[in-house]
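J.: As input, take data-v3.pdb (PDB, C-alpha atoms):
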```pdb
MODEL        1
ATOM      1  CA  MET A  26       0.000   0.000   0.000
ATOM      2  CA  LEU A  27       1.518   3.284  -1.047
ATOM      3  CA  HIS A  28       2.174   5.677   1.814
ATOM      4  CA  ILE A  29       0.886   9.096   0.761
ATOM      5  CA  THR A  30       3.514  11.676   1.682
ATOM      6  CA  THR A  31       3.508  15.423   1.106
ATOM      7  CA  LEU A  32       5.305  14.960  -2.191
ATOM      8  CA  HIS A  33       2.294  13.271  -3.764
ATOM      9  CA  TYR A  34       0.114  16.283  -3.007
ATOM     10  CA  LEU A  35       2.756  18.577  -4.455
ATOM     11  CA  ILE A  36       2.926  16.545  -7.653
ATOM     12  CA  LEU A  37      -0.865  16.690  -7.955
ATOM     13  CA  GLY A  38      -0.718  20.451  -7.486
ATOM     14  CA  ALA A  39       1.970  20.736 -10.147
ATOM     15  CA  ALA A  40      -0.117  18.674 -12.591
ATOM     16  CA  LEU A  41      -3.138  20.910 -12.061
ATOM     17  CA  PHE A  42      -0.935  23.985 -12.497
ATOM     18  CA  LEU A  43       0.372  22.616 -15.793
ATOM     19  CA  LEU A  44      -3.153  21.946 -17.038
ATOM     20  CA  GLY A  45      -4.173  25.485 -16.121
ATOM     21  CA  VAL A  46      -1.171  26.965 -17.911
ATOM     22  CA  ILE A  47      -1.914  24.937 -21.042
ATOM     23  CA  GLY A  48      -5.518  26.134 -20.886
ATOM     24  CA  VAL A  49      -4.508  29.784 -20.567
ATOM     25  CA  LEU A  50      -1.992  29.638 -23.407
ATOM     26  CA  THR A  51      -3.998  27.542 -25.843
ATOM     27  CA  ARG A  52      -7.706  28.278 -25.871
ATOM     28  CA  ARG A  53      -9.502  30.935 -27.871
ATOM     29  CA  ASN A  54     -12.595  31.388 -25.775
ATOM     30  CA  VAL A  55     -12.084  34.005 -23.063
ATOM     31  CA  VAL A  56     -14.377  32.279 -20.564
ATOM     32  CA  ILE A  57     -12.360  29.073 -20.742
ATOM     33  CA  VAL A  58      -9.152  31.076 -20.234
ATOM     34  CA  LEU A  59     -10.666  32.550 -17.060
ATOM     35  CA  MET A  60     -11.625  29.079 -15.877
ATOM     36  CA  SER A  61      -8.060  27.894 -16.465
ATOM     37  CA  ILE A  62      -6.859  30.735 -14.246
ATOM     38  CA  GLU A  63      -9.159  29.362 -11.539
ATOM     39  CA  LEU A  64      -7.500  25.955 -12.037
ATOM     40  CA  ILE A  65      -4.094  27.548 -11.452
ATOM     41  CA  LEU A  66      -5.302  29.162  -8.230
ATOM     42  CA  ASN A  67      -6.690  25.840  -7.063
ATOM     43  CA  ALA A  68      -3.338  24.168  -7.628
ATOM     44  CA  VAL A  69      -1.669  26.821  -5.472
ATOM     45  CA  ASN A  70      -4.258  26.274  -2.752
ATOM     46  CA  LEU A  71      -3.569  22.556  -2.771
ATOM     47  CA  ASN A  72       0.137  23.219  -2.260
ATOM     48  CA  LEU A  73      -0.567  25.563   0.641
ATOM     49  CA  VAL A  74      -2.857  23.182   2.482
ATOM     50  CA  ALA A  75      -0.461  20.264   1.921
ATOM     51  CA  PHE A  76       2.371  22.233   3.482
ATOM     52  CA  SER A  77       0.167  23.289   6.372
ATOM     53  CA  HIS A  78      -0.580  19.627   7.029
ATOM     54  CA  TYR A  79       3.135  18.875   6.929
ATOM     55  CA  TRP A  80       3.815  21.639   9.415
ATOM     56  CA  GLN A  81       1.272  20.296  11.836
ATOM     57  CA  GLY A  82       3.357  17.179  12.317
ATOM     58  CA  MET A  83       6.587  18.996  13.023
ATOM     59  CA  PRO A  84       7.687  19.663  16.598
ATOM     60  CA  ALA A  85       6.878  22.988  18.152
ATOM     61  CA  ARG A  86      10.422  24.289  18.410
ATOM     62  CA  PHE A  87      10.437  24.794  14.639
ATOM     63  CA  GLY A  88       7.178  26.661  14.726
ATOM     64  CA  GLY A  89       5.050  23.621  14.036
ATOM     65  CA  GLY A  90       2.615  21.895  16.301
ATOM     66  CA  PRO A  91      -1.045  21.086  16.069
ATOM     67  CA  SER A  92      -2.230  24.686  15.761
ATOM     68  CA  ALA A  93       0.135  25.899  13.041
ATOM     69  CA  LEU A  94      -2.550  26.351  10.406
ATOM     70  CA  HIS A  95      -0.995  29.260   8.571
ATOM     71  CA  GLY A  96      -1.220  27.543   5.188
ATOM     72  CA  GLN A  97      -4.933  26.979   5.546
ATOM     73  CA  ILE A  98      -5.553  30.614   6.410
ATOM     74  CA  PHE A  99      -3.470  31.695   3.444
ATOM     75  CA  SER A 100      -5.560  29.423   1.217
ATOM     76  CA  ILE A 101      -8.776  30.989   2.545
ATOM     77  CA  PHE A 102      -7.424  34.376   1.528
ATOM     78  CA  VAL A 103      -6.467  33.013  -1.903
ATOM     79  CA  ILE A 104     -10.036  31.742  -2.411
ATOM     80  CA  THR A 105     -11.381  35.190  -1.463
ATOM     81  CA  ASP A 106      -8.960  36.799  -3.875
ATOM     82  CA  ALA A 107      -9.973  34.422  -6.666
ATOM     83  CA  ALA A 108     -13.614  35.350  -6.142
ATOM     84  CA  ALA A 109     -12.870  39.068  -6.422
ATOM     85  CA  GLU A 110     -10.724  38.602  -9.516
ATOM     86  CA  ALA A 111     -13.292  36.371 -11.215
ATOM     87  CA  ALA A 112     -15.989  38.977 -10.645
ATOM     88  CA  VAL A 113     -13.936  41.818 -12.082
ATOM     89  CA  GLY A 114     -12.667  39.703 -14.986
ATOM     90  CA  LEU A 115     -16.164  38.655 -15.963
ATOM     91  CA  GLY A 116     -17.305  42.289 -15.753
ATOM     92  CA  ILE A 117     -14.547  43.223 -18.181
ATOM     93  CA  LEU A 118     -15.613  40.337 -20.425
ATOM     94  CA  ILE A 119     -19.203  41.546 -20.481
ATOM     95  CA  ALA A 120     -18.118  45.096 -21.280
ATOM     96  CA  PHE A 121     -15.932  43.819 -24.097
ATOM     97  CA  PHE A 122     -18.626  41.571 -25.482
ATOM     98  CA  ARG A 123     -21.063  44.455 -25.604
ATOM     99  CA  ASN A 124     -18.726  46.305 -27.942
ATOM    100  CA  LYS A 125     -17.472  43.600 -30.215
ATOM    101  CA  GLU A 126     -19.945  40.667 -30.078
ATOM    102  CA  THR A 127     -17.278  37.980 -29.969
ATOM    103  CA  VAL A 128     -15.521  35.932 -27.307
ATOM    104  CA  ASN A 129     -12.324  35.113 -29.135
ATOM    105  CA  ILE A 130      -9.129  36.443 -27.706
ATOM    106  CA  ASP A 131      -7.635  36.464 -31.179
ATOM    107  CA  GLU A 132      -9.913  39.380 -31.983
ATOM    108  CA  VAL A 133      -8.911  41.489 -28.964
ATOM    109  CA  ASN A 134      -6.590  43.555 -31.124
ATOM    110  CA  LEU A 135      -7.797  47.105 -30.738
ATOM    111  CA  LEU A 136      -4.493  48.182 -29.189
ATOM    112  CA  LYS A 137      -2.281  46.485 -31.753
ATOM    113  CA  TRP A 138      -0.190  48.701 -33.948
TER
ATOM    114  CA  MET B  10      -9.281  15.719 -10.360
ATOM    115  CA  VAL B  11      -6.715  15.563 -13.139
ATOM    116  CA  ILE B  12      -9.367  14.131 -15.470
ATOM    117  CA  GLY B  13     -11.626  17.050 -14.539
ATOM    118  CA  GLY B  14      -8.817  19.452 -15.307
ATOM    119  CA  ILE B  15      -8.179  17.869 -18.699
ATOM    120  CA  LEU B  16     -11.887  18.099 -19.472
ATOM    121  CA  VAL B  17     -11.903  21.802 -18.566
ATOM    122  CA  ILE B  18      -9.289  22.740 -21.113
ATOM    123  CA  THR B  19     -10.406  20.525 -23.973
ATOM    124  CA  ARG B  20     -14.174  20.847 -24.227
ATOM    125  CA  ARG B  21     -15.681  22.828 -27.076
ATOM    126  CA  ASN B  22     -18.805  23.851 -25.206
ATOM    127  CA  PRO B  23     -17.986  26.245 -22.351
ATOM    128  CA  VAL B  24     -20.871  24.907 -20.295
ATOM    129  CA  HIS B  25     -19.187  21.494 -20.354
ATOM    130  CA  SER B  26     -15.976  23.144 -19.192
ATOM    131  CA  ALA B  27     -17.782  24.843 -16.327
ATOM    132  CA  LEU B  28     -19.331  21.561 -15.202
ATOM    133  CA  ALA B  29     -15.951  19.840 -15.385
ATOM    134  CA  LEU B  30     -14.500  22.642 -13.263
ATOM    135  CA  ILE B  31     -17.240  22.111 -10.675
ATOM    136  CA  VAL B  32     -16.310  18.416 -10.563
ATOM    137  CA  THR B  33     -12.645  19.377 -10.125
ATOM    138  CA  LEU B  34     -13.478  21.749  -7.273
ATOM    139  CA  LEU B  35     -15.535  19.118  -5.464
ATOM    140  CA  ALA B  36     -12.710  16.595  -5.848
ATOM    141  CA  GLN B  37     -10.327  19.167  -4.437
ATOM    142  CA  ALA B  38     -12.586  19.678  -1.441
ATOM    143  CA  SER B  39     -12.392  15.947  -0.773
ATOM    144  CA  ILE B  40      -8.585  16.133  -0.926
ATOM    145  CA  TYR B  41      -8.713  18.943   1.607
ATOM    146  CA  LEU B  42     -10.666  16.581   3.838
ATOM    147  CA  MET B  43      -7.869  14.031   3.399
ATOM    148  CA  LEU B  44      -5.429  16.687   4.566
ATOM    149  CA  TYR B  45      -7.389  17.247   7.786
ATOM    150  CA  ALA B  46      -8.618  20.691   6.752
ATOM    151  CA  PRO B  47     -12.422  20.560   6.977
ATOM    152  CA  PHE B  48     -12.883  24.310   7.251
ATOM    153  CA  VAL B  49     -11.055  25.009   4.007
ATOM    154  CA  ALA B  50     -13.032  22.207   2.335
ATOM    155  CA  GLY B  51     -16.295  23.802   3.445
ATOM    156  CA  VAL B  52     -15.160  27.244   2.285
ATOM    157  CA  GLN B  53     -14.144  25.777  -1.073
ATOM    158  CA  ILE B  54     -17.500  24.125  -1.659
ATOM    159  CA  ILE B  55     -19.567  27.100  -0.565
ATOM    160  CA  LEU B  56     -17.527  29.909  -2.107
ATOM    161  CA  TYR B  57     -15.809  28.376  -5.098
ATOM    162  CA  ALA B  58     -18.169  25.704  -6.358
ATOM    163  CA  GLY B  59     -21.273  27.477  -5.152
ATOM    164  CA  GLY B  60     -20.449  31.128  -5.831
ATOM    165  CA  ILE B  61     -17.780  31.616  -8.434
ATOM    166  CA  MET B  62     -18.956  28.835 -10.738
ATOM    167  CA  VAL B  63     -22.528  30.137 -10.619
ATOM    168  CA  LEU B  64     -21.133  33.533 -11.669
ATOM    169  CA  PHE B  65     -19.283  31.857 -14.524
ATOM    170  CA  LEU B  66     -22.413  30.068 -15.670
ATOM    171  CA  PHE B  67     -24.391  33.312 -15.623
ATOM    172  CA  VAL B  68     -21.808  35.018 -17.809
ATOM    173  CA  ILE B  69     -21.684  32.022 -20.171
ATOM    174  CA  MET B  70     -25.424  32.285 -20.570
ATOM    175  CA  LEU B  71     -25.179  36.020 -21.276
ATOM    176  CA  VAL B  72     -22.446  35.650 -23.859
ATOM    177  CA  SER B  73     -23.714  33.836 -26.934
ATOM    178  CA  ILE B  74     -22.078  30.474 -27.380
ATOM    179  CA  GLU B  75     -23.685  29.105 -30.520
ATOM    180  CA  ARG B  76     -21.565  31.192 -32.814
ATOM    181  CA  SER B  77     -18.376  30.635 -30.841
ATOM    182  CA  MET B  78     -18.886  26.872 -30.768
ATOM    183  CA  LYS B  79     -18.767  26.626 -34.546
ATOM    184  CA  GLU B  80     -15.415  28.360 -34.884
ATOM    185  CA  ARG B  81     -11.947  26.965 -34.369
ATOM    186  CA  GLN B  82     -11.292  25.843 -30.900
ATOM    187  CA  PHE B  83      -7.605  26.302 -30.252
ATOM    188  CA  ASN B  84      -5.509  29.406 -30.358
ATOM    189  CA  SER B  85      -3.330  30.572 -33.216
ATOM    190  CA  GLN B  86      -0.201  30.169 -31.096
ATOM    191  CA  TRP B  87      -0.912  26.811 -29.557
ATOM    192  CA  VAL B  88       2.396  25.272 -30.612
ATOM    193  CA  ILE B  89       4.427  27.763 -28.590
ATOM    194  CA  GLY B  90       2.003  27.303 -25.717
ATOM    195  CA  ILE B  91       2.539  23.534 -25.675
ATOM    196  CA  ILE B  92       6.319  24.035 -25.867
ATOM    197  CA  ALA B  93       6.274  26.491 -22.963
ATOM    198  CA  ALA B  94       4.089  24.175 -20.904
ATOM    199  CA  THR B  95       6.432  21.275 -21.643
ATOM    200  CA  ALA B  96       9.372  23.365 -20.465
ATOM    201  CA  LEU B  97       7.502  24.188 -17.268
ATOM    202  CA  GLY B  98       6.637  20.518 -16.804
ATOM    203  CA  GLY B  99      10.276  19.574 -17.254
ATOM    204  CA  LEU B 100      11.230  22.119 -14.615
ATOM    205  CA  PHE B 101       8.676  20.670 -12.208
ATOM    206  CA  ILE B 102       9.920  17.125 -12.800
ATOM    207  CA  ALA B 103      13.536  18.198 -12.267
ATOM    208  CA  VAL B 104      12.718  19.979  -9.013
ATOM    209  CA  TYR B 105      10.578  17.200  -7.607
ATOM    210  CA  THR B 106      12.974  14.366  -8.391
ATOM    211  CA  LYS B 107      15.888  16.268  -6.933
ATOM    212  CA  GLY B 108      14.115  17.151  -3.712
ATOM    213  CA  ARG B 109      12.358  13.866  -3.181
ATOM    214  CA  ASP B 110      14.039  13.111   0.129
ATOM    215  CA  ILE B 111      13.292  16.410   1.841
ATOM    216  CA  PHE B 112       9.918  15.291   3.088
ATOM    217  CA  PRO B 113      10.084  12.260   5.353
ATOM    218  CA  ASP B 114       7.179   9.930   6.018
ATOM    219  CA  GLY B 115       3.783  11.471   6.429
ATOM    220  CA  PRO B 116       3.083  13.128   9.754
ATOM    221  CA  PRO B 117       1.018  11.171  12.295
ATOM    222  CA  THR B 118      -2.700  11.408  11.872
ATOM    223  CA  MET B 119      -4.381  13.967  14.053
ATOM    224  CA  MET B 120      -7.899  14.790  15.000
ATOM    225  CA  GLU B 121      -9.764  17.464  13.137
ATOM    226  CA  GLY B 122     -12.465  18.104  15.669
ATOM    227  CA  ASP B 123     -11.440  21.614  16.638
ATOM    228  CA  ASN B 124     -10.009  22.741  13.321
ATOM    229  CA  THR B 125     -12.556  25.554  12.961
ATOM    230  CA  GLN B 126     -11.735  26.914  16.411
ATOM    231  CA  LYS B 127      -8.022  26.961  15.654
ATOM    232  CA  VAL B 128      -8.550  28.613  12.278
ATOM    233  CA  ALA B 129     -10.771  31.232  13.922
ATOM    234  CA  SER B 130      -8.276  31.938  16.704
ATOM    235  CA  LEU B 131      -5.524  32.445  14.145
ATOM    236  CA  LEU B 132      -7.667  34.416  11.706
ATOM    237  CA  TYR B 133      -9.001  36.879  14.265
ATOM    238  CA  GLY B 134      -5.812  37.075  16.262
ATOM    239  CA  GLN B 135      -2.684  37.058  14.235
ATOM    240  CA  TYR B 136      -4.130  37.709  10.780
ATOM    241  CA  MET B 137      -6.693  40.328  11.731
ATOM    242  CA  PHE B 138      -5.133  42.974   9.493
ATOM    243  CA  ALA B 139      -5.161  40.699   6.460
ATOM    244  CA  PHE B 140      -8.786  39.862   7.202
ATOM    245  CA  GLU B 141      -9.794  43.522   7.120
ATOM    246  CA  ILE B 142      -7.773  44.113   3.958
ATOM    247  CA  ALA B 143      -9.537  41.166   2.326
ATOM    248  CA  SER B 144     -12.926  42.695   3.092
ATOM    249  CA  LEU B 145     -11.736  45.982   1.597
ATOM    250  CA  LEU B 146     -10.584  44.080  -1.480
ATOM    251  CA  LEU B 147     -14.017  42.550  -1.864
ATOM    252  CA  LEU B 148     -15.615  45.976  -1.623
ATOM    253  CA  VAL B 149     -13.323  47.308  -4.345
ATOM    254  CA  ALA B 150     -14.072  44.258  -6.505
ATOM    255  CA  ILE B 151     -17.816  44.798  -6.154
ATOM    256  CA  ILE B 152     -17.526  48.436  -7.170
ATOM    257  CA  GLY B 153     -15.225  47.529 -10.046
ATOM    258  CA  ALA B 154     -17.520  44.824 -11.376
ATOM    259  CA  VAL B 155     -20.541  47.108 -11.232
ATOM    260  CA  VAL B 156     -18.707  49.918 -13.020
ATOM    261  CA  MET B 157     -17.311  47.583 -15.683
ATOM    262  CA  ALA B 158     -20.663  46.087 -16.559
ATOM    263  CA  LYS B 159     -22.796  49.214 -16.590
ATOM    264  CA  LYS B 160     -24.156  50.535 -19.842
ATOM    265  CA  ARG B 161     -23.575  54.203 -19.096
ATOM    266  CA  ILE B 162     -21.250  55.314 -16.352
TER
ENDMDL
END
```
As structure tokens, please, write out the structure in this file.

T.:
Amino acid sequence: MLHITTLHYLILGAALFLLGVIGVLTRRNVVIVLMSIELILNAVNLNLVAFSHYWQGMPARFGGGPSALHGQIFSIFVITDAAAEAAVGLGILIAFFRNKETVNIDEVNLLKW
Amino acid sequence: MVIGGILVITRRNPVHSALALIVTLLAQASIYLMLYAPFVAGVQIILYAGGIMVLFLFVIMLVSIERSMKERQFNSQWVIGIIAATALGGLFIAVYTKGRDIFPDGPPTMMEGDNTQKVASLLYGQYMFAFEIASLLLLVAIIGAVVMAKKRI
């Protein structure tokens, strides 16, 4: 039976981060790009909570102990931040769609020279 | 969770991508439960899967998808994107195989009964300033979203 260490969670977080990066760089639809950004933020959250769990097992003279939940609090703030950024990003998307009637990022070229 | 992530970035219909992202978020909440973090799992389900994804689905319904589903799906620079992502993946593999021995065996299992109390004591004690700044950030985001989506300012 495989013993699940912290490294497995980190590898899972890295895989999700890679999928999010591929989604941001590759897709044409703006909504799917925004959803890939949410995937990236989720991967970061997974890393934070995995490290917080690792810190809980460390002895207290290093700053660990059973109430060292700093990673979890950081991840709560990251979720809050992702909510705010998703709201503003979707507002920008709606404003852009009202002007140009398309959701391709290949056609966002009003500032190109 | 990885299958959900792959489905998010490869579906043609954005509604399918949103549903796959909801599945990914729920799977991530279950992994948080494995990591003895029930408060973060609850916050993830309520806020992320229940708030942000509903916002995404509203915007997908507002933006017309029939015309965008018939066009090409992938970007015009997808080759460079795949190359860059492969480079990043190679970097991750190099880092994780080099530092494999840093983390010893998993820490002993611990109870999660008073996780919410400990999170609250840290959040309102040591991280009080960040908490207030986060509420200010949400206020700014609300004002920004309303201004961005208005017809006439």

J.: Find the residues in chain A near chain B: any atom within 6 Å counts, using all atoms listed in the file. Write them as a ChimeraX atom specification.

T.: /A:30,48,50-53,82,109,113,116-117,120

J.: Any chance you could export the current selection's C-alpha atoms as a short mmCIF file (atom, residue, chain, number, x, y, z; two decimals), in the coordinates of the input?

T.:
```cif
data_model
loop_
_atom_site.label_atom_id
_atom_site.label_comp_id
_atom_site.auth_asym_id
_atom_site.auth_seq_id
_atom_site.Cartn_x
_atom_site.Cartn_y
_atom_site.Cartn_z
CA THR A 30 3.51 11.68 1.68
CA GLY A 48 -5.52 26.13 -20.89
CA LEU A 50 -1.99 29.64 -23.41
CA THR A 51 -4.00 27.54 -25.84
CA ARG A 52 -7.71 28.28 -25.87
CA ARG A 53 -9.50 30.94 -27.87
CA GLY A 82 3.36 17.18 12.32
CA ALA A 109 -12.87 39.07 -6.42
CA VAL A 113 -13.94 41.82 -12.08
CA GLY A 116 -17.30 42.29 -15.75
CA ILE A 117 -14.55 43.22 -18.18
CA ALA A 120 -18.12 45.10 -21.28
#
```

J.: Give me, please, the distance in Å between CA of Leu145 (chain B) and CA of His78 (chain A), quoted to one decimal.

T.: 29.1 Å

J.: Please, what distance in Å, to one decimal, runs between CA of Leu71 (chain A) and CA of Leu35 (chain A)?

T.: 7.7 Å

J.: Using all atoms of region 49-63 of chain B listed in the file and a margin of 5 Å per side, can you give the axis-aligned box centre and edge lengths in Å to one decimal, as lines of an AutoDock Vina configuration file?

T.:
```
center_x = -16.8
center_y = 26.9
center_z = -3.4
size_x = 21.5
size_y = 19.4
size_z = 24.7
```

J.: CA of Arg123 (chain A) to CA of Val56 (chain A): how many Å, to one decimal?

T.: 14.8 Å

J.: Taking the file as shown, what set of residues would the PyMOL selection byres ((chain A and resi 55) around 9) give back, as a PDB file with C-alpha atoms, in the frame of the given file?

T.:
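The resulting file, expr07.pdb, is shown below:
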```pdb
ATOM      1  CA  ARG A  52      -7.706  28.278 -25.871  1.00  0.00           C
ATOM      2  CA  ARG A  53      -9.502  30.935 -27.871  1.00  0.00           C
ATOM      3  CA  ASN A  54     -12.595  31.388 -25.775  1.00  0.00           C
ATOM      4  CA  VAL A  56     -14.377  32.279 -20.564  1.00  0.00           C
ATOM      5  CA  ILE A  57     -12.360  29.073 -20.742  1.00  0.00           C
ATOM      6  CA  VAL A  58      -9.152  31.076 -20.234  1.00  0.00           C
ATOM      7  CA  LEU A  59     -10.666  32.550 -17.060  1.00  0.00           C
ATOM      8  CA  MET A  60     -11.625  29.079 -15.877  1.00  0.00           C
ATOM      9  CA  LEU A 118     -15.613  40.337 -20.425  1.00  0.00           C
ATOM     10  CA  VAL A 128     -15.521  35.932 -27.307  1.00  0.00           C
ATOM     11  CA  ASN A 129     -12.324  35.113 -29.135  1.00  0.00           C
ATOM     12  CA  ILE A 130      -9.129  36.443 -27.706  1.00  0.00           C
TER      13      ILE A 130
END
```

J.: Measuring between all atoms listed in the file, which one of A:Ala107, A:Ala39, A:Ile29, A:Gln81 shows the shortest distance to Leu66 (chain A)?

T.: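 Nearest to Leu66 (chain A): A:Ala107.
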
J.: With distances taken over only C-alpha atoms, which of B:Thr125, B:Leu28, B:Lys107, B:Gly134 is nearest to Leu32 (chain A)?

T.: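 Of all the options, B:Lys107 lies closest to Leu32 (chain A).
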